[in-house]
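Novice: For reference, the file final_16.txt (compact mmCIF, C-alpha atoms) is included below:
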```txt
# COMPACT_ATOMS: atom_id res chain seq x y z
CA MET C 793 -2.45 -75.76 -38.09
CA THR C 794 -4.17 -76.00 -34.72
CA ARG C 795 -7.88 -75.49 -34.17
CA LEU C 796 -7.09 -72.20 -32.44
CA ASN C 797 -5.64 -70.89 -35.69
CA GLN C 798 -8.84 -71.45 -37.67
CA ARG C 799 -11.58 -69.03 -38.70
CA ALA C 800 -13.98 -70.98 -36.53
CA VAL C 801 -12.56 -69.22 -33.46
CA PRO C 802 -13.42 -65.62 -34.45
CA ALA C 803 -16.72 -66.79 -36.00
CA PHE C 804 -17.91 -68.54 -32.83
CA ALA C 805 -16.58 -65.68 -30.69
CA THR C 806 -18.70 -63.23 -32.71
CA LEU C 807 -21.83 -65.34 -32.26
CA LEU C 808 -21.21 -65.76 -28.54
CA VAL C 809 -20.66 -62.04 -27.94
CA LEU C 810 -23.80 -61.14 -29.89
CA PHE C 811 -25.81 -63.78 -28.04
CA ALA C 812 -24.55 -62.31 -24.76
CA LEU C 813 -25.49 -58.81 -25.95
CA VAL C 814 -29.05 -59.90 -26.76
CA ILE C 815 -29.46 -61.72 -23.43
CA PHE C 816 -28.02 -58.78 -21.49
CA ASP C 817 -30.32 -56.42 -23.36
CA LEU C 818 -33.37 -58.57 -22.66
CA GLY C 819 -32.62 -58.24 -18.96
CA ASN C 820 -32.41 -54.46 -19.14
CA CYS C 821 -35.25 -53.41 -21.42
CA THR C 822 -39.03 -53.45 -21.54
CA ALA C 823 -40.23 -57.05 -21.63
CA LEU C 824 -41.28 -58.47 -24.98
CA ASN C 825 -45.03 -58.49 -25.41
CA PRO C 826 -46.52 -60.32 -28.40
CA TYR C 827 -49.95 -58.86 -27.62
CA ALA C 828 -48.59 -55.36 -28.31
CA ALA C 829 -46.90 -56.47 -31.54
CA PRO C 830 -47.46 -54.53 -34.77
CA ALA C 831 -49.16 -56.16 -37.75
CA ALA C 832 -47.12 -58.95 -39.33
CA LEU C 833 -46.69 -56.87 -42.48
CA ALA C 834 -46.29 -53.10 -42.35
CA PHE C 835 -47.44 -52.83 -45.97
CA GLY C 836 -51.16 -52.16 -45.96
CA SER C 837 -51.40 -51.97 -42.18
CA GLY C 838 -51.71 -48.19 -42.02
CA GLU C 839 -49.35 -48.17 -39.00
CA ALA C 840 -46.67 -45.49 -39.18
CA SER C 841 -43.05 -46.63 -39.29
CA ASN C 842 -41.12 -45.90 -36.08
CA ALA C 843 -38.54 -43.97 -38.17
CA ALA C 844 -35.54 -45.60 -36.49
CA PHE C 845 -33.45 -45.71 -39.65
CA CYS C 846 -29.98 -44.61 -40.80
CA ALA C 847 -31.12 -41.84 -43.13
CA LEU C 848 -33.57 -40.12 -40.81
CA VAL C 849 -32.30 -37.22 -38.72
CA PRO C 850 -34.42 -35.86 -35.88
CA PRO C 851 -34.95 -32.08 -35.80
CA ALA C 852 -32.32 -30.16 -33.80
CA LYS C 853 -33.48 -28.90 -30.40
CA MET G 425 -22.04 -79.22 -34.13
CA GLY G 426 -22.92 -79.06 -37.79
CA VAL G 427 -24.92 -77.16 -40.31
CA ALA G 428 -28.14 -79.00 -39.49
CA PHE G 429 -27.86 -78.08 -35.81
CA PHE G 430 -27.29 -74.38 -36.43
CA SER G 431 -29.89 -74.25 -39.21
CA GLY G 432 -32.39 -75.78 -36.82
CA LEU G 433 -31.36 -73.34 -34.11
CA SER G 434 -31.90 -70.45 -36.54
CA LEU G 435 -35.37 -71.71 -37.43
CA ILE G 436 -36.25 -72.13 -33.76
CA SER G 437 -34.99 -68.60 -33.07
CA ILE G 438 -37.24 -67.20 -35.80
CA LEU G 439 -40.29 -69.07 -34.50
CA ALA G 440 -39.52 -68.22 -30.85
CA LEU G 441 -39.17 -64.54 -31.75
CA MET G 442 -42.51 -64.65 -33.58
CA ALA G 443 -44.14 -66.12 -30.49
CA ALA G 444 -42.40 -63.90 -27.93
CA ALA G 445 -42.36 -60.52 -29.71
CA GLY G 446 -44.58 -60.74 -32.79
CA VAL G 447 -44.64 -62.30 -36.24
CA ARG G 448 -43.13 -59.19 -37.86
CA TYR G 449 -39.91 -59.46 -35.87
CA GLY G 450 -39.45 -63.14 -36.70
CA LEU G 451 -39.96 -62.36 -40.38
CA ILE G 452 -37.36 -59.56 -40.25
CA LEU G 453 -34.85 -61.92 -38.65
CA ALA G 454 -35.59 -64.48 -41.38
CA ILE G 455 -35.07 -61.83 -44.07
CA GLY G 456 -31.77 -60.85 -42.42
CA ILE G 457 -30.63 -64.47 -42.49
CA GLY G 458 -31.62 -64.52 -46.16
CA PHE G 459 -29.38 -61.49 -46.78
CA GLY G 460 -26.48 -63.25 -45.05
CA LEU G 461 -27.02 -66.49 -46.99
CA THR G 462 -27.16 -64.57 -50.27
CA LEU G 463 -24.22 -62.25 -49.68
CA GLU G 464 -21.88 -64.96 -48.39
CA GLY G 465 -23.27 -67.89 -50.35
CA LEU G 466 -23.06 -66.15 -53.72
CA ARG G 467 -20.06 -63.99 -52.76
CA PHE G 468 -21.92 -60.78 -53.52
CA GLY G 469 -20.31 -57.70 -52.01
CA PHE G 470 -19.88 -53.98 -52.41
CA ALA G 471 -16.27 -53.12 -51.47
CA GLY G 472 -14.74 -55.95 -53.51
CA PRO G 473 -16.52 -55.14 -56.80
CA TRP G 474 -15.64 -51.44 -56.46
CA ARG G 475 -12.02 -52.47 -55.95
CA ALA G 476 -12.22 -54.76 -58.99
CA MET G 477 -13.62 -51.91 -61.08
CA ILE G 478 -10.98 -49.42 -59.94
CA LEU G 479 -7.96 -51.72 -60.18
CA ARG G 480 -8.86 -54.03 -63.08
CA ARG G 481 -11.89 -52.41 -64.71
CA GLU G 482 -14.00 -55.48 -64.01
CA PRO G 483 -17.57 -54.19 -63.97
CA ALA G 484 -19.58 -57.33 -63.22
CA GLY G 485 -20.06 -56.84 -59.48
CA LEU G 486 -20.85 -53.15 -59.80
CA ILE G 487 -23.36 -53.79 -62.58
CA ALA G 488 -25.00 -56.49 -60.44
CA GLN G 489 -25.34 -53.94 -57.60
CA LEU G 490 -26.91 -51.41 -59.98
CA GLY G 491 -29.24 -54.10 -61.33
CA ALA G 492 -30.43 -55.03 -57.84
CA ILE G 493 -31.03 -51.36 -57.03
CA ALA G 494 -33.02 -50.94 -60.27
CA LEU G 495 -35.18 -53.96 -59.47
CA VAL G 496 -36.02 -52.59 -56.03
CA ALA G 497 -36.74 -49.15 -57.49
CA LEU G 498 -39.24 -50.67 -59.95
CA PHE G 499 -41.47 -51.64 -57.02
CA ALA G 500 -40.48 -49.15 -54.31
CA PHE G 501 -41.22 -46.02 -56.35
CA PRO G 502 -44.89 -46.84 -57.04
CA TRP G 503 -45.41 -48.10 -53.49
CA LEU G 504 -43.96 -44.92 -51.97
CA ALA G 505 -45.97 -42.78 -54.38
CA GLY G 506 -49.20 -44.59 -53.46
CA ASP G 507 -51.37 -44.25 -50.40
CA HIS G 508 -49.06 -46.14 -48.05
CA PRO G 509 -48.21 -43.94 -45.04
CA GLU G 510 -46.70 -47.00 -43.35
CA LEU G 511 -43.80 -47.07 -45.82
CA ILE G 512 -40.80 -44.74 -45.65
CA GLY G 513 -37.94 -44.28 -48.09
CA ALA G 514 -34.25 -43.84 -47.24
CA HIS G 515 -34.54 -40.12 -47.84
CA ALA G 516 -31.96 -37.61 -46.58
CA SER G 517 -30.49 -34.27 -47.54
CA ILE G 518 -27.11 -33.81 -49.17
CA GLY G 519 -24.82 -31.88 -46.84
CA TRP G 520 -21.17 -31.20 -46.12
CA ALA G 521 -20.96 -33.87 -43.43
CA MET G 522 -22.94 -36.33 -45.53
CA VAL G 523 -20.55 -36.06 -48.50
CA GLY G 524 -17.43 -36.04 -46.30
CA GLY G 525 -18.70 -39.02 -44.34
CA ALA G 526 -19.34 -40.99 -47.52
CA PHE G 527 -15.81 -40.23 -48.77
CA VAL G 528 -14.24 -41.43 -45.50
CA PHE G 529 -16.51 -44.51 -45.47
CA GLY G 530 -15.41 -45.37 -49.02
CA ALA G 531 -11.74 -45.17 -47.99
CA ALA G 532 -12.25 -47.15 -44.77
CA MET G 533 -14.24 -49.90 -46.47
CA GLN G 534 -11.38 -50.50 -48.90
CA LEU G 535 -8.90 -50.67 -46.02
CA VAL G 536 -10.72 -53.52 -44.30
CA LEU G 537 -12.37 -54.78 -47.50
CA GLY G 538 -15.72 -54.71 -45.81
CA CYS G 539 -18.56 -52.23 -46.08
CA GLY G 540 -21.60 -52.05 -43.77
CA SER G 541 -23.09 -55.37 -44.83
CA GLY G 542 -19.67 -56.79 -45.75
CA THR G 543 -18.23 -56.33 -42.27
CA LEU G 544 -21.18 -58.24 -40.81
CA VAL G 545 -20.91 -61.00 -43.42
CA ASN G 546 -17.16 -61.31 -42.95
CA ALA G 547 -17.45 -61.35 -39.17
CA GLY G 548 -20.06 -64.13 -39.39
CA SER G 549 -17.77 -66.16 -41.62
CA GLY G 550 -14.81 -65.77 -39.26
CA ASN G 551 -12.70 -63.21 -41.11
CA PRO G 552 -10.50 -61.92 -38.26
CA VAL G 553 -10.07 -58.45 -39.77
CA SER G 554 -13.82 -57.90 -39.75
CA VAL G 555 -14.20 -59.50 -36.32
CA VAL G 556 -11.72 -56.95 -34.96
CA ALA G 557 -13.27 -54.09 -36.96
CA LEU G 558 -16.88 -54.82 -35.91
CA PRO G 559 -16.75 -53.66 -32.24
CA PHE G 560 -15.05 -50.45 -33.32
CA PHE G 561 -17.63 -50.05 -36.09
CA ILE G 562 -20.27 -50.24 -33.33
CA ILE G 563 -18.45 -47.68 -31.16
CA GLY G 564 -17.99 -45.41 -34.19
CA ALA G 565 -21.65 -45.67 -35.21
CA PHE G 566 -22.69 -44.74 -31.68
CA ALA G 567 -20.24 -41.81 -31.49
CA GLY G 568 -21.26 -40.60 -34.96
CA SER G 569 -24.94 -40.66 -34.09
CA TYR G 570 -24.20 -38.93 -30.76
CA HIS G 571 -22.63 -36.02 -32.66
CA LEU G 572 -24.81 -36.25 -35.76
CA LEU G 573 -26.87 -33.10 -35.32
CA TRP G 574 -23.74 -30.99 -34.84
CA TRP G 575 -22.42 -32.31 -38.14
CA THR G 576 -25.68 -31.90 -40.05
CA GLY G 577 -25.81 -28.33 -38.70
CA LEU G 578 -22.76 -27.49 -40.82
CA GLY G 579 -25.08 -27.12 -43.77
CA ALA G 580 -27.22 -29.12 -46.13
CA LEU G 581 -29.32 -28.71 -49.24
CA PRO G 582 -33.08 -29.07 -49.02
CA LEU G 583 -34.30 -32.66 -49.27
CA ILE G 584 -34.43 -33.73 -52.92
CA VAL G 585 -36.30 -36.92 -53.76
CA PHE G 586 -37.15 -38.41 -57.15
CA GLU G 587 -40.77 -39.50 -56.98
CA GLY G 588 -43.44 -41.13 -59.09
CA ASN G 589 -43.08 -42.30 -62.68
CA SER G 590 -40.78 -39.46 -63.72
CA GLY G 591 -38.51 -40.09 -60.74
CA LEU G 592 -38.40 -43.79 -61.56
CA VAL G 593 -37.51 -43.12 -65.18
CA ILE G 594 -34.70 -40.72 -64.14
CA THR G 595 -33.35 -43.26 -61.62
CA LEU G 596 -33.46 -46.20 -64.03
CA ALA G 597 -31.89 -44.10 -66.79
CA ALA G 598 -29.06 -43.00 -64.50
CA LEU G 599 -28.44 -46.57 -63.29
CA GLY G 600 -28.48 -47.78 -66.90
CA ALA G 601 -26.10 -45.03 -68.02
CA ILE G 602 -23.57 -45.89 -65.30
CA ALA G 603 -23.83 -49.59 -66.09
CA ALA G 604 -23.26 -48.86 -69.79
CA PHE G 605 -20.32 -46.56 -68.98
CA VAL G 606 -18.48 -49.09 -66.78
CA TRP G 607 -19.22 -51.81 -69.36
CA TRP G 608 -17.65 -49.57 -72.01
CA LEU G 609 -14.62 -48.94 -69.78
CA ALA G 610 -14.05 -52.67 -69.26
CA PRO G 611 -11.65 -54.67 -71.43
CA PRO G 612 -13.47 -57.19 -73.68
CA SER G 613 -12.29 -60.10 -71.52
CA ALA G 614 -14.11 -58.64 -68.48
CA ARG G 615 -17.38 -57.97 -70.28
CA ARG G 616 -19.36 -60.80 -68.74
CA ILE G 617 -21.54 -61.12 -65.66
CA PRO G 618 -21.31 -64.48 -63.86
CA ARG G 619 -24.62 -66.24 -63.29
CA ARG G 620 -24.08 -66.25 -59.50
CA LEU G 621 -24.10 -62.44 -59.50
CA VAL G 622 -27.32 -62.32 -61.53
CA ILE G 623 -28.96 -64.74 -59.09
CA ALA G 624 -27.58 -62.79 -56.11
CA ALA G 625 -28.90 -59.49 -57.49
CA LEU G 626 -32.36 -61.03 -57.97
CA LEU G 627 -32.35 -62.49 -54.44
CA LEU G 628 -31.04 -59.29 -52.84
CA ALA G 629 -33.70 -57.22 -54.58
CA THR G 630 -36.40 -59.66 -53.45
CA LEU G 631 -35.15 -59.59 -49.87
CA ALA G 632 -34.86 -55.79 -49.85
CA LEU G 633 -38.45 -55.51 -51.07
CA ALA G 634 -39.55 -58.06 -48.47
CA ASN G 635 -37.79 -55.95 -45.81
CA LEU G 636 -39.73 -52.88 -46.99
CA VAL G 637 -43.06 -54.74 -47.05
CA VAL G 638 -42.60 -56.36 -43.63
CA SER G 639 -40.94 -53.55 -41.68
CA GLY G 640 -42.18 -50.47 -43.54
CA GLN G 641 -38.63 -49.17 -43.96
CA PRO G 642 -35.84 -49.88 -46.44
CA TRP G 643 -32.94 -52.23 -45.77
CA GLY G 644 -30.40 -50.60 -43.44
CA VAL G 645 -27.41 -51.60 -41.35
CA VAL G 646 -25.73 -48.86 -39.32
CA TYR G 647 -28.66 -47.60 -37.24
CA GLY G 648 -28.72 -50.98 -35.51
CA LEU G 649 -24.98 -50.94 -34.82
CA GLY G 650 -25.22 -47.44 -33.32
CA LEU G 651 -28.11 -48.62 -31.17
CA TRP G 652 -26.02 -51.53 -29.85
CA GLY G 653 -23.31 -49.03 -28.90
CA ALA G 654 -25.86 -46.72 -27.27
CA LYS G 655 -27.29 -49.56 -25.21
CA LEU G 656 -23.82 -50.59 -24.03
CA ALA G 657 -22.95 -46.96 -23.21
CA THR G 658 -26.18 -46.65 -21.21
CA ALA G 659 -25.33 -49.84 -19.35
CA LEU G 660 -21.96 -48.30 -18.46
CA GLY G 661 -23.74 -45.26 -16.99
CA ALA G 662 -23.69 -42.78 -19.89
CA ASP G 663 -26.46 -40.18 -19.95
CA LEU G 664 -27.62 -40.10 -23.56
CA THR G 665 -30.16 -37.36 -22.98
CA GLN G 666 -27.20 -34.99 -23.45
CA SER G 667 -27.17 -35.96 -27.12
CA ALA G 668 -29.81 -34.22 -29.22
CA TYR G 669 -29.95 -37.35 -31.38
CA TRP G 670 -30.41 -39.93 -28.65
CA ALA G 671 -32.66 -37.64 -26.58
CA ASN G 672 -35.19 -37.72 -29.43
CA ALA G 673 -38.35 -39.66 -28.54
CA VAL G 674 -37.93 -42.17 -31.39
CA HIS G 675 -34.45 -43.16 -30.25
CA GLN G 676 -35.31 -43.07 -26.55
CA GLU G 677 -38.02 -45.60 -27.27
CA ARG G 678 -35.55 -47.79 -29.16
CA LEU G 679 -33.20 -47.63 -26.16
CA GLN G 680 -35.94 -48.80 -23.84
CA GLN G 681 -37.23 -51.55 -26.13
CA SER G 682 -35.43 -54.81 -26.90
CA LEU G 683 -32.96 -55.11 -29.76
CA LEU G 684 -35.23 -57.94 -30.85
CA THR G 685 -37.89 -55.38 -31.80
CA ASP G 686 -35.52 -53.11 -33.74
CA VAL G 687 -35.63 -53.61 -37.51
CA THR G 688 -32.00 -52.93 -38.41
CA SER G 689 -30.68 -54.79 -35.35
CA LEU G 690 -32.62 -57.87 -36.36
CA SER G 691 -31.50 -57.76 -39.98
CA ASP G 692 -27.88 -57.21 -38.82
CA LEU G 693 -28.05 -60.22 -36.51
CA GLY G 694 -29.61 -62.21 -39.34
CA ILE G 695 -26.86 -61.26 -41.79
CA ILE G 696 -24.16 -62.47 -39.39
CA LEU G 697 -26.05 -65.70 -38.71
CA GLY G 698 -26.72 -66.35 -42.40
CA ALA G 699 -23.07 -65.81 -43.30
CA PHE G 700 -22.02 -68.11 -40.45
CA LEU G 701 -24.30 -70.88 -41.76
CA VAL G 702 -22.79 -70.64 -45.24
CA ALA G 703 -19.22 -70.64 -43.89
CA LEU G 704 -20.03 -73.68 -41.76
CA TRP G 705 -21.65 -75.48 -44.70
CA ARG G 706 -18.67 -74.75 -46.97
CA SER G 707 -16.17 -75.73 -44.26
CA ASP G 708 -14.63 -72.27 -44.61
CA LEU G 709 -14.32 -72.09 -40.83
CA LYS G 710 -11.46 -74.60 -41.03
CA SER G 711 -9.35 -72.11 -43.01
CA GLY G 712 -6.30 -70.67 -41.29
CA LEU G 713 -6.03 -67.14 -39.95
CA PRO G 714 -3.86 -64.61 -41.80
CA ARG G 715 -0.64 -63.28 -40.31
CA LEU G 716 -0.72 -59.51 -40.42
CA PRO G 717 1.74 -56.97 -38.99
CA ALA G 718 0.78 -54.92 -35.93
CA LYS G 719 0.18 -51.79 -37.98
CA ALA G 720 -2.43 -53.69 -40.00
CA TRP G 721 -4.38 -54.42 -36.81
CA VAL G 722 -4.09 -50.79 -35.69
CA THR G 723 -5.36 -49.74 -39.12
CA THR G 724 -8.23 -52.22 -38.81
CA ILE G 725 -9.27 -50.73 -35.47
CA LEU G 726 -9.13 -47.17 -36.81
CA ALA G 727 -10.88 -48.12 -40.04
CA GLY G 728 -13.58 -49.95 -38.09
CA PHE G 729 -14.23 -46.85 -35.99
CA LEU G 730 -14.25 -44.65 -39.10
CA LEU G 731 -16.68 -46.99 -40.87
CA GLY G 732 -19.14 -46.48 -38.04
CA TYR G 733 -18.60 -42.77 -37.44
CA ALA G 734 -18.53 -41.83 -41.13
CA SER G 735 -21.57 -43.90 -42.03
CA ARG G 736 -23.66 -42.00 -39.48
CA LEU G 737 -22.48 -38.66 -40.85
CA ALA G 738 -23.16 -39.96 -44.37
CA LEU G 739 -26.71 -40.84 -43.28
CA GLY G 740 -26.18 -44.45 -44.19
CA CYS G 741 -23.63 -46.91 -45.51
CA ASN G 742 -23.52 -48.78 -48.81
CA VAL G 743 -26.86 -50.30 -47.79
CA GLY G 744 -28.88 -47.52 -46.15
CA ALA G 745 -27.61 -44.69 -48.36
CA PHE G 746 -26.37 -46.23 -51.63
CA PHE G 747 -28.64 -49.26 -52.11
CA SER G 748 -31.75 -48.08 -50.29
CA GLY G 749 -31.28 -44.35 -50.91
CA ILE G 750 -31.09 -44.65 -54.69
CA SER G 751 -33.75 -47.37 -54.89
CA THR G 752 -36.24 -45.17 -53.02
CA GLY G 753 -35.42 -41.98 -54.92
CA SER G 754 -33.17 -40.02 -52.56
CA LEU G 755 -30.61 -37.80 -54.29
CA HIS G 756 -28.32 -38.27 -51.30
CA GLY G 757 -27.85 -41.89 -52.40
CA TRP G 758 -26.27 -40.65 -55.63
CA ALA G 759 -24.06 -38.15 -53.78
CA TRP G 760 -23.04 -40.98 -51.44
CA PHE G 761 -22.12 -43.18 -54.42
CA ILE G 762 -19.88 -40.52 -55.99
CA ALA G 763 -18.18 -39.54 -52.73
CA ALA G 764 -17.65 -43.11 -51.50
CA PHE G 765 -16.32 -44.22 -54.89
CA ALA G 766 -13.82 -41.35 -54.76
CA GLY G 767 -12.88 -42.37 -51.21
CA SER G 768 -12.34 -45.93 -52.43
CA PHE G 769 -9.46 -44.77 -54.65
CA LEU G 770 -7.73 -43.41 -51.53
CA GLY G 771 -8.45 -46.52 -49.44
CA ILE G 772 -7.05 -48.83 -52.13
CA ARG G 773 -3.84 -46.78 -52.31
CA LEU G 774 -3.45 -46.87 -48.52
CA ARG G 775 -3.79 -50.65 -48.10
CA LYS G 776 -0.19 -51.51 -48.91
CA PRO G 777 1.54 -48.78 -46.85
CA LEU G 778 -0.67 -49.68 -43.88
CA GLY G 779 0.32 -53.36 -43.95
CA LEU G 780 -2.94 -54.78 -45.25
CA GLU G 781 -1.40 -56.04 -48.49
CA GLY G 782 1.83 -57.93 -49.03
```
Written as structure tokens, how would this file's structure read?

Specialist:
Amino acid sequence: MTRLNQRAVPAFATLLVLFALVIFDLGNCTALNPYAAPAALAFGSGEASNAAFCALVPPAK
Amino acid sequence: MGVAFFSGLSLISILALMAAAGVRYGLILAIGIGFGLTLEGLRFGFAGPWRAMILRREPAGLIAQLGAIALVALFAFPWLAGDHPELIGAHASIGWAMVGGAFVFGAAMQLVLGCGSGTLVNAGSGNPVSVVALPFFIIGAFAGSYHLLWWTGLGALPLIVFEGNSGLVITLAALGAIAAFVWWLAPPSARRIPRRLVIAALLLATLALANLVVSGQPWGVVYGLGLWGAKLATALGADLTQSAYWANAVHQERLQQSLLTDVTSLSDLGIILGAFLVALWRSDLKSGLPRLPAKAWVTTILAGFLLGYASRLALGCNVGAFFSGISTGSLHGWAWFIAAFAGSFLGIRLRKPLGLEG
């Protein structure tokens, strides 16, 4: 069995593609700003959740 | 490059994210890595245990899932009933598309033997079927969310949520009844729950609660994958304002902000990374790749797409709808469970004719 026929190949490929996605995204989105960060813990902060979640459906237009 | 190197890199990533974006985001990534370590390290899954229950009446994995859900519910119900406007549950209405989507998801997850979390875990540990399925899962999740409001417009019941002490009692009683029923169905030789599953259920429940405390929302998977697809589509020139879903202010903001500030994206990335670390530590990455016929790879691509598309119609996957839906009181979680379990029967039957089993 050669190294190319091992699970390491698809595993590393996955990590590399995701790393590239994150880097590409960082270059095309609003810059990260730690001074605008929400509280470390949402619980007890009183800040509303941003509602970006699988179950939540926005109202139809 | 060994385990120590990648573990150190993971820790540095968490700390760097805390410094660059905020402590909350680093914590969510850490929780995601915890999910990956637990799911892969203790071999805790969703599709596999359902298959074991259907084919061999082995209830251990399913009972462990129900136990983890019950543990989360014990804390989530009182928190959601209290004065905590910053917390949301995985609440959604039961509808035609929701039930149909869950059925298709159940079938597709048995074809590739990977659910929402399972596909991420398997991809991180180098399973080639999941590595091939994942990009199509992402495309499907994006396409499903793009069309979501058309599908939900086909009809749905009003939102039904179990709340407070009475809701918790109903939920725990239903979880207990199902656990007792599958235990009763099992042959005596299968009536045992391995210690690793008990530990995994405890850890998963703890991590799911930590996710709720830190992020304000329950553990989810597919929103993040759809967002990755939406960002790629935007980069290729697509105009997402034509989609009622993506034109919504919440999702427009997510498109403009970094993936590193999106809760489900961070936990998804963490799951893959955590599973990778376990596979590296166990030397699983040295295992050989399977030889599958061409039709198995075509099936994997189609099933990957269906996993994504159907999970958006179903308003969540095994994590966002089943695990988090039930543990935060949403009736749609129960409907998802029934429909996806029924779909699993179909998926199991289709594996052999589609070349995924010898």

Novice: Taking only residues of chain C that have an atom at most 6 Å from an atom of chain G, what is each one's shortest atom pair and its distance in Å to one decimal, using all atoms listed in the file, in chain and number order, as JSON lines?

Specialist:
```
{"residue": "C:Asn797", "atom": "CA", "partner": "G:Gly712", "partner_atom": "CA", "distance": 5.6}
{"residue": "C:Gln798", "atom": "CA", "partner": "G:Gly712", "partner_atom": "CA", "distance": 4.5}
{"residue": "C:Arg799", "atom": "CA", "partner": "G:Gly550", "partner_atom": "CA", "distance": 4.6}
{"residue": "C:Ala800", "atom": "CA", "partner": "G:Leu709", "partner_atom": "CA", "distance": 4.5}
{"residue": "C:Pro802", "atom": "CA", "partner": "G:Gly550", "partner_atom": "CA", "distance": 5.0}
{"residue": "C:Ala803", "atom": "CA", "partner": "G:Gly550", "partner_atom": "CA", "distance": 3.9}
{"residue": "C:Cys821", "atom": "CA", "partner": "G:Gln680", "partner_atom": "CA", "distance": 5.3}
{"residue": "C:Thr822", "atom": "CA", "partner": "G:Gln681", "partner_atom": "CA", "distance": 5.3}
{"residue": "C:Leu824", "atom": "CA", "partner": "G:Ala445", "partner_atom": "CA", "distance": 5.3}
{"residue": "C:Asn825", "atom": "CA", "partner": "G:Ala445", "partner_atom": "CA", "distance": 5.5}
{"residue": "C:Pro826", "atom": "CA", "partner": "G:Ala445", "partner_atom": "CA", "distance": 4.4}
{"residue": "C:Ala829", "atom": "CA", "partner": "G:Gly446", "partner_atom": "CA", "distance": 5.0}
{"residue": "C:Ala832", "atom": "CA", "partner": "G:Arg448", "partner_atom": "CA", "distance": 4.3}
{"residue": "C:Leu833", "atom": "CA", "partner": "G:Val638", "partner_atom": "CA", "distance": 4.3}
{"residue": "C:Ala834", "atom": "CA", "partner": "G:Gly640", "partner_atom": "CA", "distance": 5.0}
{"residue": "C:Phe835", "atom": "CA", "partner": "G:Val637", "partner_atom": "CA", "distance": 4.9}
{"residue": "C:Gly838", "atom": "CA", "partner": "G:Glu510", "partner_atom": "CA", "distance": 5.3}
{"residue": "C:Glu839", "atom": "CA", "partner": "G:Glu510", "partner_atom": "CA", "distance": 5.2}
{"residue": "C:Ala840", "atom": "CA", "partner": "G:Glu510", "partner_atom": "CA", "distance": 4.4}
{"residue": "C:Ser841", "atom": "CA", "partner": "G:Glu510", "partner_atom": "CA", "distance": 5.5}
{"residue": "C:Phe845", "atom": "CA", "partner": "G:Tyr647", "partner_atom": "CA", "distance": 5.7}
{"residue": "C:Cys846", "atom": "CA", "partner": "G:Tyr647", "partner_atom": "CA", "distance": 4.8}
{"residue": "C:Ala847", "atom": "CA", "partner": "G:Leu739", "partner_atom": "CA", "distance": 4.5}
```

Novice: Need the shell around G:Ala454: protein/DNA/RNA residues with any atom at most 9 Å away, counting all atoms listed in the file. Skip same-chain ones fewer than 3 positions apart. Format as an NGL selection string?

Specialist: :G and (434-435 or 438 or 449-451 or 457-459 or 690-691 or 694)

Novice: Provide the atom CA of G:Gly779 to atom CA of G:Ile562 distance in Å, to one decimal place.

Specialist: 23.4 Å

Novice: Please indicate the distance in Å from atom CA of G:Leu537 to atom CA of G:Leu599, rounded to one decimal place.

Specialist: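 Separation of atom CA of G:Leu537 and atom CA of G:Leu599: 24.0 Å.
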
Novice: Considering all atoms listed in the file, can you say which of G:Gly519, G:Gly456, G:Gly698, G:Gly568 comes closest to G:Pro582?

Specialist: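 Among G:Gly519, G:Gly456, G:Gly698, G:Gly568, it is G:Gly519 that comes nearest to G:Pro582.
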
Novice: Contacts of stretch 607-618 of chain G at 7 Å or less, counting all atoms listed in the file, minus same-chain residues fewer than 3 places along, as a PDB file with C-alpha atoms, in the frame of the given file?

Specialist:
```pdb
ATOM      1  CA  ARG G 481     -11.890 -52.410 -64.710  1.00  0.00           C
ATOM      2  CA  GLU G 482     -14.000 -55.480 -64.010  1.00  0.00           C
ATOM      3  CA  PRO G 483     -17.570 -54.190 -63.970  1.00  0.00           C
ATOM      4  CA  ALA G 484     -19.580 -57.330 -63.220  1.00  0.00           C
ATOM      5  CA  ALA G 603     -23.830 -49.590 -66.090  1.00  0.00           C
ATOM      6  CA  ALA G 604     -23.260 -48.860 -69.790  1.00  0.00           C
ATOM      7  CA  LEU G 621     -24.100 -62.440 -59.500  1.00  0.00           C
ATOM      8  CA  VAL G 622     -27.320 -62.320 -61.530  1.00  0.00           C
TER       9      VAL G 622
END
```

Novice: Which residues, written as number ranges by chain, have at least one atom at most 9 Å from G:Arg775, with only C-alpha atoms counted and residues fewer than 3 positions away on the same chain left out?

Specialist: G: 534-536, 720, 770-772, 778-781

Novice: So which one's closest to G:Ala494, G:Phe746, G:Trp760, G:Phe429, G:Trp721? Using only C-alpha atoms, please.

Specialist: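 Ranking G:Phe746, G:Trp760, G:Phe429, G:Trp721 by distance to G:Ala494, first place goes to G:Phe746.
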
Novice: How big is the axis-aligned box, and where does its centre sit, when it encloses all atoms of stretch 834-846 of chain C listed in the file and has 3 Å added on every side, reported in Å to one decimal as JSON?

Specialist:
```
{"center_x": -40.8, "center_y": -48.5, "center_z": -41.0, "size_x": 27.7, "size_y": 15.1, "size_z": 15.9}
```

Novice: Record the distance separating atom CA of G:Pro717 and atom CA of G:Gly530, expressed in Å with one decimal.

Specialist: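 So the answer is 23.0 Å.
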